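S.K.: Data file upload_23.cif (mmCIF, C-alpha atoms and all ligand atoms) is appended below.
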```cif
data_model
#
loop_
_atom_site.label_atom_id
_atom_site.label_comp_id
_atom_site.auth_asym_id
_atom_site.auth_seq_id
_atom_site.Cartn_x
_atom_site.Cartn_y
_atom_site.Cartn_z
CA MET A 1 57.58 -27.82 64.56
CA ILE A 2 57.28 -31.07 66.48
CA ASN A 3 54.39 -33.15 67.81
CA PHE A 4 52.39 -32.08 70.83
CA HIS A 5 49.87 -34.07 72.82
CA LYS A 6 46.51 -32.34 73.29
CA SER A 7 45.05 -33.30 76.69
CA GLN A 8 41.38 -34.33 76.87
CA PRO A 9 38.56 -33.62 77.58
CA ALA A 10 38.17 -30.07 76.27
CA PRO A 11 38.30 -27.13 78.72
CA THR A 12 34.78 -26.53 80.05
CA SER A 13 34.42 -22.85 78.99
CA LEU A 14 34.35 -23.87 75.29
CA ALA A 15 30.96 -25.61 75.67
CA ALA A 16 29.15 -22.25 75.92
CA GLN A 17 30.54 -21.28 72.47
CA LYS A 18 31.10 -17.67 73.55
CA LYS A 19 34.90 -17.44 73.98
CA TYR A 20 37.73 -19.61 72.74
CA ASP A 21 40.43 -17.87 74.79
CA ASP A 22 39.17 -18.01 78.38
CA GLU A 23 41.65 -18.70 81.16
CA ASP A 24 41.05 -22.47 81.30
CA VAL A 25 41.76 -22.75 77.55
CA LEU A 26 44.93 -20.66 77.81
CA ASN A 27 46.24 -22.63 80.79
CA ARG A 28 45.64 -25.96 79.04
CA LEU A 29 47.19 -24.80 75.78
CA GLN A 30 50.20 -23.45 77.62
CA ALA A 31 50.71 -26.78 79.43
CA ASP A 32 50.04 -29.00 76.40
CA PHE A 33 52.37 -26.98 74.16
CA HIS A 34 55.04 -26.62 76.86
CA HIS A 35 54.81 -22.81 76.62
CA LYS A 36 56.11 -23.02 73.02
CA CYS A 37 54.66 -21.71 69.78
CA TYR A 38 53.58 -24.80 67.81
CA LEU A 39 55.01 -23.39 64.59
CA CYS A 40 58.38 -21.79 65.44
CA GLU A 41 58.99 -23.66 68.76
CA LYS A 42 59.99 -20.48 70.60
CA LYS A 43 59.00 -20.06 74.28
CA ILE A 44 56.26 -17.42 74.29
CA ASP A 45 55.07 -16.56 77.79
CA THR A 46 54.58 -12.87 76.91
CA ASP A 47 53.48 -13.16 73.29
CA PHE A 48 50.93 -15.95 72.94
CA ILE A 49 47.75 -16.15 70.97
CA VAL A 50 45.11 -18.83 70.43
CA GLU A 51 45.47 -19.90 66.84
CA HIS A 52 42.90 -21.80 64.83
CA TYR A 53 44.52 -24.73 63.04
CA GLN A 54 41.75 -24.60 60.46
CA ASN A 55 40.28 -21.23 59.63
CA HIS A 56 36.95 -20.69 61.41
CA THR A 57 35.55 -18.12 58.95
CA THR A 58 34.75 -18.65 55.30
CA ASN A 59 33.39 -15.78 53.19
CA GLY A 60 32.38 -13.91 56.35
CA TYR A 61 30.54 -16.92 57.80
CA THR A 62 31.81 -18.17 61.18
CA ASN A 63 31.78 -21.92 61.72
CA PRO A 64 31.24 -22.44 65.49
CA HIS A 65 32.36 -26.06 65.24
CA LYS A 66 35.78 -24.82 64.17
CA LYS A 67 35.85 -21.66 66.28
CA PHE A 68 35.20 -23.38 69.64
CA ASN A 69 36.52 -26.86 68.87
CA TRP A 70 39.28 -27.77 71.32
CA ASN A 71 41.01 -29.94 68.70
CA ASN A 72 41.21 -26.93 66.38
CA LEU A 73 42.94 -24.63 68.89
CA MET A 74 46.71 -24.21 68.98
CA TYR A 75 49.19 -22.16 70.98
CA ALA A 76 51.13 -19.75 68.76
CA CYS A 77 53.17 -16.55 68.82
CA SER A 78 51.70 -13.46 67.15
CA TYR A 79 54.38 -13.49 64.43
CA CYS A 80 53.62 -17.06 63.31
CA ASN A 81 49.90 -16.44 63.65
CA SER A 82 50.12 -13.49 61.26
CA ARG A 83 52.31 -15.41 58.79
CA LYS A 84 49.86 -18.29 58.69
CA SER A 85 46.56 -16.40 58.64
CA GLY A 86 47.77 -13.54 56.44
CA GLU A 87 48.81 -15.96 53.75
CA SER A 88 45.98 -18.44 54.08
CA PHE A 89 47.86 -21.58 55.06
CA SER A 90 44.80 -23.62 55.90
CA ASP A 91 46.18 -27.00 54.90
CA ILE A 92 49.22 -27.91 57.02
CA LEU A 93 50.23 -31.02 58.99
CA ASP A 94 48.42 -31.50 62.30
CA CYS A 95 51.15 -31.62 64.95
CA THR A 96 48.66 -32.94 67.53
CA ASN A 97 48.02 -36.09 65.48
CA SER A 98 50.34 -38.74 66.94
CA GLN A 99 50.13 -40.76 63.71
CA ILE A 100 52.04 -38.03 61.85
CA LEU A 101 55.56 -37.54 63.19
CA ILE A 102 56.53 -34.08 61.96
CA ALA A 103 60.27 -34.41 62.71
CA GLU A 104 60.40 -37.57 60.58
CA LYS A 105 58.53 -36.08 57.62
CA ILE A 106 60.35 -32.74 57.56
CA SER A 107 64.06 -32.03 58.06
CA PHE A 108 65.17 -28.94 59.99
CA LEU A 109 68.77 -27.97 59.31
CA LEU A 110 70.78 -24.98 60.35
CA THR A 111 73.89 -24.70 58.20
CA ALA A 112 75.67 -21.87 60.03
CA PHE A 113 75.83 -21.94 63.80
CA LYS A 114 77.17 -18.44 64.31
CA ASN A 115 75.41 -16.36 61.74
CA PRO A 116 71.65 -15.69 61.85
CA LYS A 117 71.96 -14.06 58.38
CA GLU A 118 72.25 -17.61 57.03
CA LYS A 119 68.92 -19.16 56.15
CA VAL A 120 67.72 -22.42 57.66
CA ASP A 121 67.00 -25.38 55.42
CA ILE A 122 63.55 -26.87 55.91
CA SER A 123 62.75 -29.62 53.43
CA THR A 124 61.01 -32.90 52.84
CA THR A 125 61.18 -35.93 50.60
CA GLU A 126 57.39 -36.30 50.80
CA THR A 127 55.28 -35.16 47.87
CA ASP A 128 51.81 -34.70 49.36
CA PRO A 129 50.43 -31.12 49.24
CA THR A 130 49.89 -30.88 53.01
CA THR A 131 53.53 -31.63 53.86
CA LEU A 132 54.76 -29.33 51.08
CA ASN A 133 52.50 -26.57 52.34
CA THR A 134 53.86 -27.02 55.88
CA VAL A 135 57.43 -26.76 54.57
CA LYS A 136 56.45 -23.61 52.70
CA LEU A 137 54.94 -21.99 55.80
CA LEU A 138 57.84 -22.95 58.11
CA SER A 139 60.35 -21.71 55.56
CA ARG A 140 58.56 -18.36 55.43
CA ILE A 141 58.47 -18.19 59.23
CA TYR A 142 62.19 -18.84 59.71
CA ASN A 143 63.55 -17.35 56.51
CA ALA A 144 60.89 -14.83 55.47
CA ASP A 145 61.13 -16.24 51.99
CA CYS A 146 60.50 -19.51 50.31
CA LYS A 147 62.59 -21.59 47.96
CA ILE A 148 59.41 -23.17 46.58
CA ASP A 149 58.15 -19.75 45.47
CA SER A 150 61.09 -17.54 44.46
CA THR A 151 58.81 -14.70 43.31
CA TYR A 152 57.55 -14.07 46.85
CA LYS A 153 58.79 -10.78 48.33
CA PRO A 154 58.33 -10.53 52.11
CA PRO A 155 57.63 -7.20 53.87
CA ALA A 156 60.56 -5.63 55.77
CA ALA A 157 58.99 -6.34 59.19
CA SER A 158 58.72 -10.04 58.37
CA ARG A 159 62.39 -10.16 57.32
CA MET A 160 63.45 -8.51 60.59
CA LYS A 161 61.27 -10.78 62.74
CA ALA A 162 62.55 -13.88 60.94
CA ALA A 163 66.15 -12.72 61.51
CA ALA A 164 65.40 -12.19 65.23
CA LEU A 165 63.95 -15.70 65.40
CA ARG A 166 67.05 -17.18 63.73
CA LYS A 167 69.24 -15.33 66.24
CA LEU A 168 67.46 -17.14 69.10
CA LEU A 169 67.76 -20.40 67.19
CA VAL A 170 71.50 -19.92 66.59
CA GLU A 171 72.03 -19.21 70.32
CA ALA A 172 70.09 -22.33 71.33
CA MET A 173 72.04 -24.49 68.90
CA ALA A 174 75.36 -23.01 70.10
CA ASP A 175 74.44 -24.09 73.63
CA LEU A 176 73.73 -27.64 72.47
CA THR A 177 76.96 -27.71 70.44
CA GLN A 178 78.92 -26.65 73.53
CA LEU A 179 77.31 -29.38 75.64
CA LYS A 180 78.10 -31.96 72.97
CA ASP A 181 81.76 -30.79 72.87
CA ASP A 182 81.96 -30.94 76.69
CA PHE A 183 80.50 -34.45 76.62
CA TYR A 184 83.20 -35.74 74.26
CA ASP A 185 86.00 -33.71 75.91
CA ASN A 186 85.21 -35.48 79.19
CA GLU A 187 85.11 -38.98 77.76
CA ASN A 188 85.57 -41.68 80.43
CA LYS A 189 85.45 -39.10 83.24
CA PRO A 190 82.71 -38.84 85.89
CA GLU A 191 81.81 -35.37 84.54
CA GLN A 192 80.61 -36.93 81.30
CA ALA A 193 77.37 -38.09 82.95
CA ILE A 194 76.55 -34.49 83.90
CA TYR A 195 76.83 -33.40 80.27
CA ALA A 196 74.78 -36.40 79.14
CA ASP A 197 71.99 -35.33 81.51
CA ARG A 198 72.11 -31.77 80.23
CA ILE A 199 71.96 -32.94 76.61
CA LYS A 200 69.02 -35.17 77.50
CA ALA A 201 67.22 -32.11 78.94
CA GLU A 202 67.86 -30.25 75.67
CA LEU A 203 66.11 -33.08 73.80
CA GLN A 204 62.88 -33.09 75.79
CA PRO A 205 59.53 -31.82 74.37
CA GLU A 206 59.67 -28.61 76.42
CA SER A 207 63.03 -27.62 74.93
CA GLN A 208 62.97 -24.74 72.42
CA PHE A 209 63.63 -25.55 68.74
CA LEU A 210 63.58 -29.31 69.39
CA ALA A 211 63.07 -30.19 65.71
CA PHE A 212 66.43 -28.55 64.85
CA LYS A 213 68.13 -30.24 67.82
CA ILE A 214 66.89 -33.66 66.70
CA TRP A 215 68.19 -33.11 63.17
CA TYR A 216 71.50 -31.82 64.53
CA VAL A 217 71.97 -35.06 66.49
CA LYS A 218 70.98 -37.08 63.42
CA SER A 219 73.54 -35.27 61.25
CA LYS A 220 76.48 -37.38 62.52
CA PRO A 221 76.30 -41.15 63.16
CA SER A 222 78.31 -41.06 66.41
CA TRP A 223 76.12 -38.29 67.89
CA ASN A 224 73.07 -40.18 66.74
CA ASP A 225 74.32 -43.36 68.47
CA ASP A 226 75.00 -41.49 71.72
CA PHE A 227 72.02 -39.12 71.91
CA SER A 228 69.10 -40.41 69.82
CA PRO A 229 68.05 -42.72 72.73
CA TYR A 230 67.07 -39.46 74.46
CA PHE A 231 64.58 -38.49 71.74
CA PRO A 232 61.02 -38.50 73.13
CA THR A 233 59.02 -41.19 71.34
CA SER A 234 56.12 -38.72 71.05
CA VAL A 235 58.11 -36.64 68.55
CA HIS A 236 60.57 -39.07 66.96
CA ARG A 237 60.77 -42.86 66.99
ZN ZN A 301 55.95 -18.80 66.46
#
```
Could you write out this structure as structure tokens?
Ligand SMILES: [Zn+2]

M.R.:
Amino acid sequence: MINFHKSQPAPTSLAAQKKYDDEDVLNRLQADFHHKCYLCEKKIDTDFIVEHYQNHTTNGYTNPHKKFNWNNLMYACSYCNSRKSGESFSDILDCTNSQILIAEKISFLLTAFKNPKEKVDISTTETDPTTLNTVKLLSRIYNADCKIDSTYKPPAASRMKAAALRKLLVEAMADLTQLKDDFYDNENKPEQAIYADRIKAELQPESQFLAFKIWYVKSKPSWNDDFSPYFPTSVHR
């Protein structure tokens, strides 16, 4: 999860309060979220859903202000949508609020780069309930379990989908690792600039799993010195 900028004003179809997933809404969400699920950061051109950041129904009553409110609509994959709504995560950090930099509040670490059976480590030093709840949800999405709640037993389908997600994550991180190795192997050669450009592209908002890539760069001072200038200021300062 990283920050996204929600473009304004709201798509016009929302004003009628009849549909929240008309074409203009979908096109805007897709562009604003760079075709990525706002929770898992996977590219989702064939599996997207309009997700309500705050639940729009309470005890069977639909709140139209939440249901058709542009600021309450997010772009998500069906897996993350079901994890969030099925388990009632209504209070999580708002990634469209530029005052809250998600990748500074929460760390995203992948310990093993070749084995998707290894769990990812999502944690925070913050103590507020909203950040802790976000960590809990993201941990369930990527790991299908939660270190905060060890009694939780995920269904088999969730475990398999989380493992499939980690496989994509491991592949993306292996690509970045290779580029970083190529960059240092070509030190003081003209080719180095090519690898620098490719690493920069990996660190842009449209790149999949950017939160993990940022924390990978931050994990070693020399990488941080060389590549943190490429971090977009909208997601990490
Ligand atoms: Zn997702």

S.K.: Report as a list of chain:residue names which protein, DNA and RNA residues come within 10 Å of ligand ZN 301 (chain A), using only C-alpha atoms and all ligand atoms.

M.R.: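 Listed by chain and ascending number, the contacts are A:Met1, A:Lys36, A:Cys37, A:Tyr38, A:Leu39, A:Cys40, A:Glu41, A:Lys42, A:Lys43, A:Ile44, A:Asp47, A:Phe48, A:Ile49, A:Tyr75, A:Ala76, A:Cys77, A:Ser78, A:Tyr79, A:Cys80, A:Asn81, A:Ser82, A:Arg83, A:Lys84, A:Leu138, A:Ile141, A:Tyr142, A:Ala162, A:Leu165.
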
S.K.: Using all atoms listed in the file, find the one residue out of A:Ser90, A:His35, A:Phe183, A:Ala10 that sits nearest to His56 of chain A.

M.R.: A:Ser90

S.K.: Nearest to Gln30 of chain A among A:Ser88, A:Gln204, A:Ser13, A:Ser7, with distances taken over only C-alpha atoms: which residue is it?

M.R.: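 Of all the options, A:Ser7 lies closest to Gln30 of chain A.
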
S.K.: Have a look at atom CA of Lys153 of chain A and atom CA of Ala172 of chain A and let me know their distance in Å, one decimal.

M.R.: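 Taking atom CA of Lys153 of chain A as the start and atom CA of Ala172 of chain A as the end point, the length is 28.1 Å.
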
S.K.: Please indicate the distance in Å from atom CA of Ile100 of chain A to atom CA of Val50 of chain A, rounded to one decimal place.

M.R.: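 Distance reported for this atom pair: 22.1 Å.
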
S.K.: Tell me, as a list in words, which residues lie within 12 Å of Ile194 of chain A, counting all atoms listed in the file; anything in the same chain fewer than 4 positions away does not count.

M.R.: Leu179, Lys180, Asp182, Phe183, Tyr184, Asn186, Glu187, Lys189, Pro190, Arg198, Ile199, Lys200 and Ala201 of chain A
